[in-house]
file start_27.cif (mmCIF, C-alpha atoms)
data_work
#
loop_
_atom_site.label_atom_id
_atom_site.label_comp_id
_atom_site.auth_asym_id
_atom_site.auth_seq_id
_atom_site.Cartn_x
_atom_site.Cartn_y
_atom_site.Cartn_z
CA MET D 20 22.53 -60.53 22.12
CA ALA D 21 20.55 -60.85 25.36
CA LYS D 22 20.90 -58.95 28.62
CA ILE D 23 21.49 -61.19 31.65
CA LEU D 24 20.80 -59.96 35.17
CA VAL D 25 23.13 -61.58 37.72
CA THR D 26 21.86 -61.83 41.30
CA GLY D 27 22.77 -63.56 44.54
CA GLN D 28 26.16 -64.28 46.07
CA LYS D 29 29.02 -62.56 44.25
CA HIS D 30 31.75 -64.89 45.55
CA LEU D 31 30.04 -67.82 43.83
CA SER D 32 29.25 -65.95 40.62
CA ILE D 33 32.82 -64.91 39.78
CA PRO D 34 34.14 -68.39 38.86
CA ASN D 35 30.77 -69.60 37.55
CA LEU D 36 29.90 -67.02 34.91
CA PRO D 37 31.13 -66.75 31.31
CA ARG D 38 34.35 -64.72 31.18
CA SER D 39 33.84 -63.06 27.79
CA SER D 40 30.20 -63.55 26.91
CA LYS D 41 28.65 -62.23 23.72
CA HIS D 42 25.68 -61.32 25.91
CA LYS D 43 25.45 -58.26 28.17
CA ILE D 44 25.99 -59.18 31.84
CA ILE D 45 24.29 -56.82 34.32
CA ARG D 46 24.85 -57.13 38.07
CA ALA D 47 21.97 -56.42 40.41
CA LYS D 48 22.88 -53.80 43.01
CA PRO D 49 22.00 -54.04 46.71
CA PHE D 50 18.71 -52.36 47.55
CA PRO D 51 18.75 -49.99 49.20
CA THR D 52 22.42 -49.17 48.59
CA GLY D 53 24.66 -48.91 51.61
CA ARG D 54 25.77 -51.25 54.37
CA TYR D 55 22.35 -52.66 55.17
CA PRO D 56 20.36 -53.73 52.10
CA LEU D 57 17.02 -55.45 52.77
CA LYS D 58 18.40 -58.95 52.27
CA LYS D 59 20.73 -58.46 55.24
CA ILE D 60 17.73 -57.63 57.40
CA TRP D 61 15.78 -60.71 56.28
CA SER D 62 17.29 -63.30 53.92
CA PRO D 63 14.13 -64.02 51.83
CA PHE D 64 14.37 -60.48 50.45
CA GLU D 65 17.29 -61.76 48.36
CA SER D 66 14.73 -63.58 46.23
CA PHE D 67 13.46 -60.22 45.00
CA ASP D 68 16.80 -58.92 43.69
CA SER D 69 15.42 -58.85 40.16
CA TRP D 70 12.77 -56.35 41.32
CA GLN D 71 15.36 -53.74 42.20
CA PRO D 72 14.91 -50.39 40.44
CA SER D 73 16.91 -50.45 37.22
CA TRP D 74 16.84 -48.49 33.96
CA LYS D 75 18.35 -51.48 32.15
CA GLN D 76 15.99 -54.02 30.63
CA TYR D 77 17.00 -57.67 30.74
CA GLN D 78 15.69 -60.95 29.33
CA VAL D 79 17.22 -63.61 31.61
CA VAL D 80 18.13 -63.87 35.31
CA HIS D 81 21.10 -65.93 36.53
CA SER D 82 21.13 -66.22 40.32
CA PHE D 83 23.73 -67.70 42.64
CA ASN D 84 22.63 -69.53 45.80
CA SER D 85 19.34 -67.66 45.53
CA ILE D 86 15.83 -68.60 44.34
CA GLN D 87 14.41 -65.69 42.38
CA TYR D 88 10.81 -64.48 42.36
CA THR D 89 10.53 -63.46 38.71
CA ASP D 90 8.49 -64.19 35.61
CA LYS D 91 11.63 -64.01 33.44
CA PRO D 92 13.50 -67.17 32.41
CA TRP D 93 16.09 -67.82 35.11
CA PHE D 94 18.90 -70.13 36.17
CA VAL D 95 20.26 -70.81 39.62
CA THR D 96 23.83 -71.96 40.36
CA CYS D 97 24.48 -73.62 43.72
CA GLU D 98 27.44 -75.06 45.64
CA ASP D 99 25.26 -77.29 47.87
CA HIS D 100 21.71 -77.35 49.30
CA THR D 101 21.85 -74.38 51.68
CA PHE D 102 20.05 -71.92 49.39
CA LEU D 103 16.78 -73.87 49.78
CA TYR D 104 15.72 -72.14 53.01
CA ASN D 105 14.98 -75.42 54.75
CA ASN D 106 15.77 -74.32 58.29
CA PRO D 107 13.03 -71.74 59.02
CA LYS D 108 12.98 -69.92 62.34
CA ASN D 109 9.20 -69.49 62.59
CA ASN D 110 5.90 -70.40 60.91
CA VAL D 111 5.83 -67.29 58.75
CA GLU D 112 9.26 -68.08 57.34
CA ARG D 113 8.31 -71.71 56.83
CA ARG D 114 5.43 -70.72 54.56
CA ILE D 115 7.57 -68.23 52.65
CA TYR D 116 10.42 -70.69 52.24
CA ASN D 117 8.08 -73.42 51.00
CA PHE D 118 6.60 -70.96 48.52
CA LEU D 119 10.05 -69.96 47.23
CA ASN D 120 11.31 -73.53 47.02
CA ASN D 121 8.33 -74.48 44.86
CA ARG D 122 9.44 -71.94 42.26
CA LEU D 123 12.15 -74.36 41.23
CA SER D 124 9.49 -76.54 39.62
CA LEU D 125 7.97 -73.72 37.51
CA ASP D 126 8.56 -73.62 33.76
CA ASN D 127 10.54 -70.38 33.81
CA CYS D 128 13.18 -71.97 36.06
CA CYS D 129 15.26 -73.22 33.13
CA LYS D 130 18.10 -75.02 34.86
CA ILE D 131 19.54 -75.72 38.30
CA ILE D 132 23.31 -75.71 37.96
CA ALA D 133 25.36 -77.60 40.55
CA ILE D 134 29.06 -76.74 40.48
CA SER D 135 30.06 -80.35 41.27
CA ASP D 136 28.73 -83.85 41.73
CA TYR D 137 29.02 -83.20 45.47
CA ALA D 138 26.76 -80.15 45.13
CA LYS D 139 24.25 -82.15 43.08
CA MET D 140 24.26 -84.97 45.62
CA ARG D 141 23.65 -82.56 48.53
CA PHE D 142 20.83 -80.82 46.63
CA LEU D 143 19.06 -84.06 45.64
CA ARG D 144 19.30 -85.42 49.19
CA GLN D 145 17.63 -82.25 50.45
CA ILE D 146 14.64 -82.46 48.08
CA ALA D 147 14.16 -86.22 48.50
CA GLY D 148 10.74 -85.85 50.13
CA TRP D 149 9.36 -83.06 47.93
CA GLN D 150 6.29 -83.71 45.78
CA THR D 151 7.95 -81.77 42.95
CA ARG D 152 11.19 -83.76 43.16
CA ASP D 153 10.87 -85.45 39.75
CA GLN D 154 10.13 -82.18 37.97
CA ILE D 155 13.09 -80.48 39.64
CA MET D 156 15.51 -83.37 39.09
CA ARG D 157 15.13 -83.06 35.33
CA LYS D 158 16.51 -79.52 35.50
CA VAL D 159 19.66 -80.32 37.49
CA ASP D 160 22.94 -80.26 35.61
CA ILE D 161 26.61 -79.98 36.59
CA ILE D 162 28.72 -77.16 35.17
CA GLN D 163 32.17 -76.88 36.75
CA PRO D 164 33.68 -73.50 37.73
CA ASN D 165 35.89 -71.93 35.09
CA PHE D 166 39.13 -69.96 34.95
CA PRO D 167 41.44 -68.73 32.18
CA LEU D 168 44.02 -71.21 30.94
CA ARG D 169 47.46 -69.79 31.76
CA ALA D 170 49.85 -72.56 30.69
CA ASN D 171 50.20 -74.52 27.47
CA GLN D 172 52.64 -77.18 28.58
CA PRO D 173 53.50 -79.12 31.75
CA LYS D 174 56.21 -77.94 34.12
CA LYS D 175 59.53 -79.65 34.66
CA TYR D 176 61.23 -80.44 37.95
CA GLN D 177 64.91 -79.56 38.16
CA GLU D 178 67.23 -81.81 40.15
CA ASN D 179 68.90 -80.36 43.26
CA GLN D 180 66.39 -77.55 43.74
CA LYS D 181 64.28 -76.88 46.81
CA LEU D 182 60.77 -78.26 46.63
CA THR D 183 58.27 -75.37 46.86
CA LEU D 184 54.77 -75.87 48.26
CA THR D 185 52.15 -73.13 48.44
CA PHE D 186 49.11 -72.93 50.70
CA VAL D 187 46.33 -70.52 49.69
CA GLY D 188 43.40 -69.79 52.00
CA ASN D 189 42.14 -67.00 54.22
CA HIS D 190 40.70 -69.57 56.65
CA LEU D 191 44.04 -70.81 57.94
CA ALA D 192 42.94 -73.82 60.01
CA ARG D 193 39.94 -75.07 58.02
CA LYS D 194 41.74 -74.90 54.67
CA GLY D 195 44.84 -76.71 55.95
CA GLY D 196 47.28 -73.90 56.75
CA ILE D 197 47.96 -75.38 60.19
CA VAL D 198 48.88 -78.63 58.46
CA ALA D 199 51.24 -76.76 56.11
CA LEU D 200 52.92 -75.03 59.07
CA ARG D 201 53.42 -78.30 60.92
CA LEU D 202 54.71 -79.93 57.75
CA ALA D 203 57.33 -77.18 57.46
CA LYS D 204 58.40 -77.75 61.07
CA LYS D 205 58.73 -81.50 60.56
CA ALA D 206 60.66 -80.97 57.31
CA GLU D 207 63.05 -78.55 59.00
CA LYS D 208 63.88 -81.09 61.70
CA LEU D 209 64.71 -83.63 58.99
CA LYS D 210 66.66 -81.00 57.01
CA LEU D 211 64.51 -81.60 53.96
CA PRO D 212 65.03 -79.04 51.17
CA ILE D 213 61.54 -77.54 51.03
CA ILE D 214 60.01 -74.07 51.12
CA VAL D 215 56.38 -73.53 52.21
CA ASN D 216 54.56 -70.39 51.06
CA ILE D 217 51.57 -69.38 53.21
CA VAL D 218 49.12 -67.06 51.45
CA SER D 219 46.54 -66.22 54.11
CA GLY D 220 44.92 -63.52 56.18
CA LEU D 221 45.21 -66.06 59.02
CA LYS D 222 41.53 -66.06 59.97
CA HIS D 223 40.76 -68.88 62.40
CA GLY D 224 38.64 -69.74 65.41
CA PRO D 225 35.05 -68.60 66.05
CA ARG D 226 32.60 -68.56 63.11
CA VAL D 227 34.88 -70.66 60.91
CA PRO D 228 33.52 -74.16 60.13
CA THR D 229 35.50 -77.03 61.73
CA ASP D 230 37.78 -74.66 63.72
CA PHE D 231 38.21 -74.86 67.47
CA PRO D 232 36.65 -71.61 68.77
CA ASP D 233 39.40 -70.76 71.29
CA THR D 234 42.07 -69.04 69.19
CA THR D 235 44.71 -69.40 71.93
CA LYS D 236 44.94 -73.08 70.99
CA TYR D 237 46.50 -72.01 67.69
CA ALA D 238 49.13 -69.71 69.21
CA GLU D 239 51.99 -72.21 68.98
CA ASP D 240 51.20 -72.98 65.36
CA LEU D 241 51.19 -69.29 64.43
CA LYS D 242 54.72 -68.95 65.83
CA LEU D 243 55.83 -71.35 63.09
CA LEU D 244 55.35 -68.54 60.56
CA ASP D 245 58.82 -67.39 61.66
CA LEU D 246 60.52 -70.60 60.53
CA ASP D 247 63.29 -70.16 57.96
CA ASN D 248 61.54 -72.44 55.47
CA ILE D 249 58.22 -70.53 55.58
CA ILE D 250 57.36 -67.38 53.64
CA HIS D 251 54.09 -65.66 54.65
CA TYR D 252 52.13 -63.50 52.22
CA LYS D 253 49.21 -61.74 53.90
CA ASN D 254 47.72 -59.35 51.35
CA ILE D 255 48.60 -59.99 47.72
CA SER D 256 46.55 -59.74 44.53
CA ASN D 257 45.07 -62.73 42.76
CA GLU D 258 47.53 -62.17 39.94
CA LYS D 259 50.43 -62.52 42.39
CA VAL D 260 48.85 -65.64 43.88
CA ILE D 261 48.68 -67.19 40.40
CA ASP D 262 52.28 -66.22 39.76
CA LEU D 263 53.31 -67.82 43.06
CA LEU D 264 51.44 -71.01 42.16
CA SER D 265 53.06 -71.07 38.73
CA HIS D 266 56.50 -71.05 40.39
CA SER D 267 55.54 -73.71 42.98
CA HIS D 268 55.96 -77.45 42.58
CA PHE D 269 52.80 -78.30 44.52
CA GLN D 270 49.84 -76.55 46.03
CA ILE D 271 49.01 -77.92 49.47
CA MET D 272 45.45 -77.63 50.77
CA ALA D 273 44.88 -80.16 53.54
CA THR D 274 41.35 -78.90 54.06
CA LEU D 275 38.87 -80.31 56.57
CA HIS D 276 35.89 -78.94 54.64
CA ASP D 277 35.65 -77.22 51.28
CA THR D 278 32.62 -77.28 48.99
CA TYR D 279 34.86 -77.06 45.93
CA GLY D 280 38.48 -75.85 46.14
CA TYR D 281 38.85 -73.03 43.60
CA SER D 282 42.53 -72.40 44.32
CA ILE D 283 43.42 -75.96 43.30
CA ILE D 284 41.79 -75.41 39.91
CA GLU D 285 43.64 -72.10 39.53
CA GLY D 286 46.81 -74.05 40.31
CA PHE D 287 45.90 -76.55 37.61
CA SER D 288 45.55 -73.62 35.18
CA VAL D 289 49.31 -73.06 35.56
CA ALA D 290 50.03 -76.83 35.53
CA THR D 291 50.69 -77.07 39.29
CA PRO D 292 49.64 -80.39 40.88
CA ALA D 293 48.04 -80.44 44.33
CA ILE D 294 48.26 -82.20 47.66
CA THR D 295 44.82 -82.18 49.24
CA THR D 296 42.25 -84.20 51.20
CA ASN D 297 39.48 -86.52 50.03
CA VAL D 298 36.48 -84.45 51.20
CA CYS D 299 33.47 -82.95 49.38
CA ALA D 300 34.13 -82.23 45.68
CA LEU D 301 37.91 -82.64 45.75
CA PRO D 302 37.97 -86.31 44.62
CA GLU D 303 36.06 -85.27 41.50
CA PHE D 304 39.05 -83.47 40.00
CA LEU D 305 42.12 -84.85 41.76
CA THR D 306 43.34 -88.38 41.09
CA HIS D 307 46.10 -89.69 43.35
CA GLY D 308 49.33 -90.10 41.42
CA LYS D 309 47.87 -88.54 38.27
CA ASN D 310 47.60 -84.81 39.05
CA GLY D 311 48.56 -84.73 42.72
CA TYR D 312 48.32 -86.67 45.97
CA PHE D 313 45.55 -87.34 48.46
CA LEU D 314 45.81 -87.06 52.23
CA ASN D 315 43.15 -89.34 53.65
CA LEU D 316 40.55 -88.23 56.17
CA PRO D 317 37.77 -90.45 57.54
CA ILE D 318 34.63 -89.31 55.70
CA ASN D 319 30.90 -90.05 56.00
CA GLU D 320 28.18 -90.71 53.42
CA ILE D 321 28.02 -87.04 52.38
CA ARG D 322 31.81 -86.82 51.95
CA HIS D 323 32.35 -84.70 55.08
CA TRP D 324 35.12 -85.26 57.59
CA SER D 325 33.38 -87.70 59.91
CA ASN D 326 34.87 -86.27 63.14
CA TRP D 327 33.50 -82.77 62.54
CA LEU D 328 31.07 -81.79 65.32
CA TYR D 329 28.28 -79.47 64.19
CA ASP D 330 27.20 -78.68 67.76
CA LYS D 331 28.78 -75.34 68.81
CA GLU D 332 28.91 -76.31 72.47
CA LYS D 333 30.55 -79.68 71.82
CA MET D 334 33.11 -77.94 69.60
CA LYS D 335 34.30 -76.01 72.68
CA THR D 336 35.30 -79.17 74.58
CA ASP D 337 38.82 -80.47 75.19
CA GLU D 338 37.78 -83.68 73.45
CA TYR D 339 37.13 -81.83 70.20
CA TRP D 340 40.43 -79.97 70.45
CA ASP D 341 42.25 -83.27 70.95
CA THR D 342 40.49 -84.68 67.88
CA ILE D 343 41.18 -81.74 65.61
CA ASN D 344 44.73 -81.26 66.91
CA ASN D 345 45.54 -84.92 66.24
CA THR D 346 43.98 -84.60 62.80
CA TYR D 347 46.21 -81.65 61.90
CA ASP D 348 49.24 -83.65 63.00
CA ASP D 349 48.18 -86.80 61.15
CA LEU D 350 47.66 -84.85 57.93
CA ALA D 351 51.06 -83.19 58.35
CA ASP D 352 52.63 -86.64 58.78
CA GLN D 353 50.85 -87.91 55.67
CA ALA D 354 52.02 -84.89 53.68
CA LEU D 355 55.58 -85.36 54.95
CA GLN D 356 55.59 -88.98 53.80
CA GLN D 357 54.31 -87.99 50.35
CA ILE D 358 57.08 -85.39 50.05
CA ILE D 359 59.78 -87.83 51.20
CA GLN D 360 58.53 -90.48 48.77
CA PHE D 361 58.60 -87.93 45.96
CA ILE D 362 62.11 -86.70 46.78
CA ASP D 363 63.40 -90.29 47.01
CA ARG D 364 61.94 -91.38 43.66
CA PRO D 365 64.64 -92.21 41.11
CA ASP D 366 62.24 -91.09 38.36
CA LYS D 367 60.97 -87.94 40.08
CA LEU D 368 61.77 -85.69 37.09
CA GLU D 369 59.59 -87.77 34.76
CA HIS D 370 56.98 -88.36 37.48
CA TYR D 371 56.66 -84.66 38.25
CA GLU D 372 56.22 -83.75 34.60
CA SER D 373 53.47 -86.41 34.43
CA LEU D 374 51.71 -84.92 37.48
CA SER D 375 51.93 -81.44 35.97
CA ALA D 376 50.56 -82.72 32.65
CA GLY D 377 47.72 -84.40 34.52
CA ALA D 378 46.81 -81.15 36.28
CA LEU D 379 46.76 -79.30 32.97
CA ALA D 380 44.70 -81.99 31.24
CA GLN D 381 42.11 -81.98 34.04
CA PHE D 382 41.79 -78.21 33.75
CA GLN D 383 41.47 -78.23 29.97
CA SER D 384 38.75 -80.90 30.07
CA PHE D 385 36.53 -79.45 32.80
CA ASN D 386 37.44 -75.90 33.85
CA ASN D 387 38.61 -74.04 30.75
CA SER D 388 36.83 -70.69 30.63
CA GLN D 389 36.60 -70.69 26.82
CA THR D 390 34.65 -73.96 26.76
CA GLN D 391 32.35 -72.86 29.57
CA ASN D 392 31.89 -69.46 27.95
CA ASP D 393 30.44 -71.07 24.81
CA LEU D 394 28.19 -73.31 26.91
CA PHE D 395 26.70 -70.42 28.90
CA ASP D 396 26.22 -68.32 25.78
CA ARG D 397 24.11 -71.10 24.24
CA LEU D 398 22.06 -71.49 27.44
CA TYR D 399 21.40 -67.75 27.69
CA ALA D 400 20.41 -67.49 24.00
CA GLU D 401 17.98 -70.39 24.31
CA ALA D 402 16.41 -68.93 27.47
CA ALA D 403 16.07 -65.45 25.98
CA ALA D 404 14.34 -66.90 22.90
CA SER D 405 11.84 -68.94 24.91
#

call {"tool": "encode", "arguments": {"input": "start_27.cif", "output": "structure tokens"}}
result
Amino acid sequence: MAKILVTGQKHLSIPNLPRSSKHKIIRAKPFPTGRYPLKKIWSPFESFDSWQPSWKQYQVVHSFNSIQYTDKPWFVTCEDHTFLYNNPKNNVERRIYNFLNNRLSLDNCCKIIAISDYAKMRFLRQIAGWQTRDQIMRKVDIIQPNFPLRANQPKKYQENQKLTLTFVGNHLARKGGIVALRLAKKAEKLKLPIIVNIVSGLKHGPRVPTDFPDTTKYAEDLKLLDLDNIIHYKNISNEKVIDLLSHSHFQIMATLHDTYGYSIIEGFSVATPAITTNVCALPEFLTHGKNGYFLNLPINEIRHWSNWLYDKEKMKTDEYWDTINNTYDDLADQALQQIIQFIDRPDKLEHYESLSAGALAQFQSFNNSQTQNDLFDRLYAEAAAS
């Protein structure tokens, strides 16, 4: 048994670590403890997490979105390229960032783990001009996030029951909650028998990628939470979210940008198919008509929504609001048509069971925590023995 020190971003580590490892997992603590550890003062300090005072010895470091300065064998797991420190603010940082980036080519960097093909693509594009590119490329591998399997058979759809869709996401607008709200409104006008669950803290506006920064623009959409066919859950545990997904027919996540889409995989773990968009990593695990349905967005060569403006000032303009507002409405229309087509299918009972089986099969093949657990245990044992 080896001792593995886990460093870097906790939100990324939770679904990308072994769930019941035979090795001892140790989490690095912020240094100094309190609200303002050094890495919040200056981000490169995060690379020295493994130097933090600790009475526990360890043999391997596994970092998340963080390059570690260590002589121990180490792995890094990433969701895209942003951990590479390639946007320095001054000359001092540029030299430090270049120094840290070069550590990826050293022998004790055992593996660079991308959580998706999208993440691998973004990483390789970023290092395209590096002299060490070939050395680093040989270390890159894809290991999908993992969750416990919670269902052993596909779900069945019962005739004459209301169709239940569930949206999960704290970022209401970016993740597609606005689309879900508008879908509910359109369905109510047509007297369609659907229920839409909204699981969200309703965060939107400034500092959320893709969102229009003026929150007043979303006021009318937020009023839709009072519709009779919408149930809003603000603060519930993950266990209750999973239970809600298990009792839903579809998860709906009409996201404009999402590096992975963990909630969809958790839905698959309870055999719930998804309705989502074709951005980033989502096409890697959802196949239209097999384990859910796609809502189509125009995308660019890096699989991002092509109408997203990265300029903060341009995102404040009426033109951007018109674009994003029309996009929400178009996605709601697409989702409505998918729902109507499903309800009108003469074989919808058999078709739904096939979608549910497809969701479960996708999960079992790529995201089952038991399979990933064994994989990580082998990697850690090999690194500790080196």

call {"tool": "residues_around", "arguments": {"input": "start_27.cif", "residues": "segment 304-309 of chain D", "least_positions_apart": "5", "cutoff": "7 Å", "atoms": "only C-alpha atoms", "output": "count of residues only"}}
result
3

call {"tool": "closest_residue", "arguments": {"input": "start_27.cif", "among": "D:Pro365, D:Leu200, D:Gln357, D:Leu184", "to": "Lys242 of chain D", "atoms": "only C-alpha atoms"}}
result
D:Leu200

call {"tool": "closest_residue", "arguments": {"input": "start_27.cif", "among": "D:Leu123, D:Val95, D:Ala300, D:Ile294", "to": "Tyr281 of chain D", "atoms": "all atoms listed in the file"}}
result
D:Ala300

call {"tool": "resolve_selection", "arguments": {"input": "start_27.cif", "expression": "the PyMOL selection byres ((chain D and resi 318) around 12)", "output": "list in words"}}
result
Leu275, His276, Thr296, Asn297, Val298, Cys299, Pro302, Leu314, Asn315, Leu316, Pro317, Asn319, Glu320, Ile321, Arg322, His323, Trp324, Ser325, Asn326 and Trp327 of chain D

call {"tool": "residues_around", "arguments": {"input": "start_27.cif", "residues": "Arg157 of chain D", "least_positions_apart": "6", "cutoff": "10 Å", "atoms": "only C-alpha atoms", "output": "list in words"}}
result
Ser124, Lys130 and Ile131 of chain D

call {"tool": "write_last_selection", "arguments": {"input": "start_27.cif", "atoms": "C-alpha atoms", "output": "PDB file, in the coordinates of the input"}}
result
ATOM      1  CA  SER D 124       9.490 -76.540  39.620  1.00  0.00           C
ATOM      2  CA  LYS D 130      18.100 -75.020  34.860  1.00  0.00           C
ATOM      3  CA  ILE D 131      19.540 -75.720  38.300  1.00  0.00           C
TER       4      ILE D 131
END

call {"tool": "closest_residue", "arguments": {"input": "start_27.cif", "among": "D:Phe361, D:Tyr176, D:Tyr347, D:Tyr279", "to": "Tyr137 of chain D", "atoms": "all atoms listed in the file"}}
result
D:Tyr279

call {"tool": "residues_around", "arguments": {"input": "start_27.cif", "residues": "segment 143-149 of chain D", "least_positions_apart": "2", "cutoff": "12 Å", "atoms": "only C-alpha atoms", "output": "PyMOL selection string"}}
result
chain D and resi 97+99-106+117+120-121+123-124+131+133+136-141+151-160+320-321

call {"tool": "atom_distance", "arguments": {"input": "start_27.cif", "atom1": "atom CA of Ile162 of chain D", "atom2": "atom CA of Ala403 of chain D"}}
result
19.5 Å

call {"tool": "atom_distance", "arguments": {"input": "start_27.cif", "atom1": "atom CA of Gly188 of chain D", "atom2": "atom CA of His223 of chain D"}}
result
10.8 Å

call {"tool": "closest_residue", "arguments": {"input": "start_27.cif", "among": "D:Val260, D:Met334, D:Ile132, D:Leu202", "to": "Val187 of chain D", "atoms": "all atoms listed in the file"}}
result
D:Val260

call {"tool": "atom_distance", "arguments": {"input": "start_27.cif", "atom1": "atom CA of Tyr237 of chain D", "atom2": "atom CA of Ile359 of chain D"}}
result
26.4 Å

call {"tool": "resolve_selection", "arguments": {"input": "start_27.cif", "expression": "the PyMOL selection byres ((chain D and resi 340) around 12)", "output": "PyMOL selection string"}}
result
chain D and resi 224+229-237+326-328+333-339+341-347

call {"tool": "closest_residue", "arguments": {"input": "start_27.cif", "among": "D:Phe385, D:Leu182, D:Ser85, D:Ala203", "to": "Asp245 of chain D", "atoms": "only C-alpha atoms"}}
result
D:Ala203

call {"tool": "resolve_selection", "arguments": {"input": "start_27.cif", "expression": "the PyMOL selection byres ((chain D and resi 129) around 6)", "output": "list of chain:residue names"}}
result
D:Trp93, D:Phe94, D:Asn127, D:Cys128, D:Lys130

call {"tool": "decode", "arguments": {"input": "start_27.cif", "residues": "segment 305-317 of chain D", "atoms": "N, CA, C and O atoms", "output": "mmCIF file, in the first residue's frame"}}
result
data_model
loop_
_atom_site.group_PDB
_atom_site.id
_atom_site.type_symbol
_atom_site.label_atom_id
_atom_site.label_comp_id
_atom_site.auth_asym_id
_atom_site.auth_seq_id
_atom_site.Cartn_x
_atom_site.Cartn_y
_atom_site.Cartn_z
ATOM 1 N N LEU D 305 -22.710 11.242 -25.212
ATOM 2 C CA LEU D 305 -24.126 11.187 -25.570
ATOM 3 C C LEU D 305 -24.256 10.984 -27.074
ATOM 4 O O LEU D 305 -23.624 11.688 -27.860
ATOM 5 N N THR D 306 -25.053 10.014 -27.456
ATOM 6 C CA THR D 306 -25.328 9.721 -28.859
ATOM 7 C C THR D 306 -26.815 9.920 -29.104
ATOM 8 O O THR D 306 -27.648 9.284 -28.432
ATOM 9 N N HIS D 307 -27.140 10.803 -30.029
ATOM 10 C CA HIS D 307 -28.533 11.152 -30.289
ATOM 11 C C HIS D 307 -29.343 9.915 -30.657
ATOM 12 O O HIS D 307 -28.987 9.152 -31.547
ATOM 13 N N GLY D 308 -30.444 9.728 -29.909
ATOM 14 C CA GLY D 308 -31.322 8.589 -30.174
ATOM 15 C C GLY D 308 -30.887 7.300 -29.531
ATOM 16 O O GLY D 308 -31.618 6.298 -29.592
ATOM 17 N N LYS D 309 -29.695 7.288 -28.907
ATOM 18 C CA LYS D 309 -29.181 6.079 -28.257
ATOM 19 C C LYS D 309 -29.259 6.173 -26.733
ATOM 20 O O LYS D 309 -29.651 5.213 -26.066
ATOM 21 N N ASN D 310 -28.840 7.305 -26.170
ATOM 22 C CA ASN D 310 -28.935 7.495 -24.720
ATOM 23 C C ASN D 310 -29.439 8.898 -24.372
ATOM 24 O O ASN D 310 -29.237 9.382 -23.253
ATOM 25 N N GLY D 311 -30.077 9.542 -25.342
ATOM 26 C CA GLY D 311 -30.623 10.872 -25.133
ATOM 27 C C GLY D 311 -30.789 11.596 -26.452
ATOM 28 O O GLY D 311 -30.772 10.979 -27.526
ATOM 29 N N TYR D 312 -30.927 12.927 -26.364
ATOM 30 C CA TYR D 312 -31.122 13.743 -27.556
ATOM 31 C C TYR D 312 -30.209 14.962 -27.516
ATOM 32 O O TYR D 312 -29.954 15.530 -26.444
ATOM 33 N N PHE D 313 -29.749 15.368 -28.683
ATOM 34 C CA PHE D 313 -28.950 16.585 -28.799
ATOM 35 C C PHE D 313 -29.808 17.775 -29.200
ATOM 36 O O PHE D 313 -30.714 17.652 -30.040
ATOM 37 N N LEU D 314 -29.494 18.930 -28.619
ATOM 38 C CA LEU D 314 -29.966 20.228 -29.075
ATOM 39 C C LEU D 314 -28.766 20.884 -29.735
ATOM 40 O O LEU D 314 -27.695 20.971 -29.125
ATOM 41 N N ASN D 315 -28.902 21.309 -30.955
ATOM 42 C CA ASN D 315 -27.743 21.745 -31.732
ATOM 43 C C ASN D 315 -27.452 23.234 -31.585
ATOM 44 O O ASN D 315 -28.328 24.079 -31.781
ATOM 45 N N LEU D 316 -26.217 23.519 -31.220
ATOM 46 C CA LEU D 316 -25.669 24.875 -31.201
ATOM 47 C C LEU D 316 -24.636 24.996 -32.308
ATOM 48 O O LEU D 316 -23.950 24.011 -32.628
ATOM 49 N N PRO D 317 -24.455 26.198 -32.889
ATOM 50 C CA PRO D 317 -23.318 26.382 -33.796
ATOM 51 C C PRO D 317 -22.032 26.353 -32.984
ATOM 52 O O PRO D 317 -21.905 27.039 -31.971
#
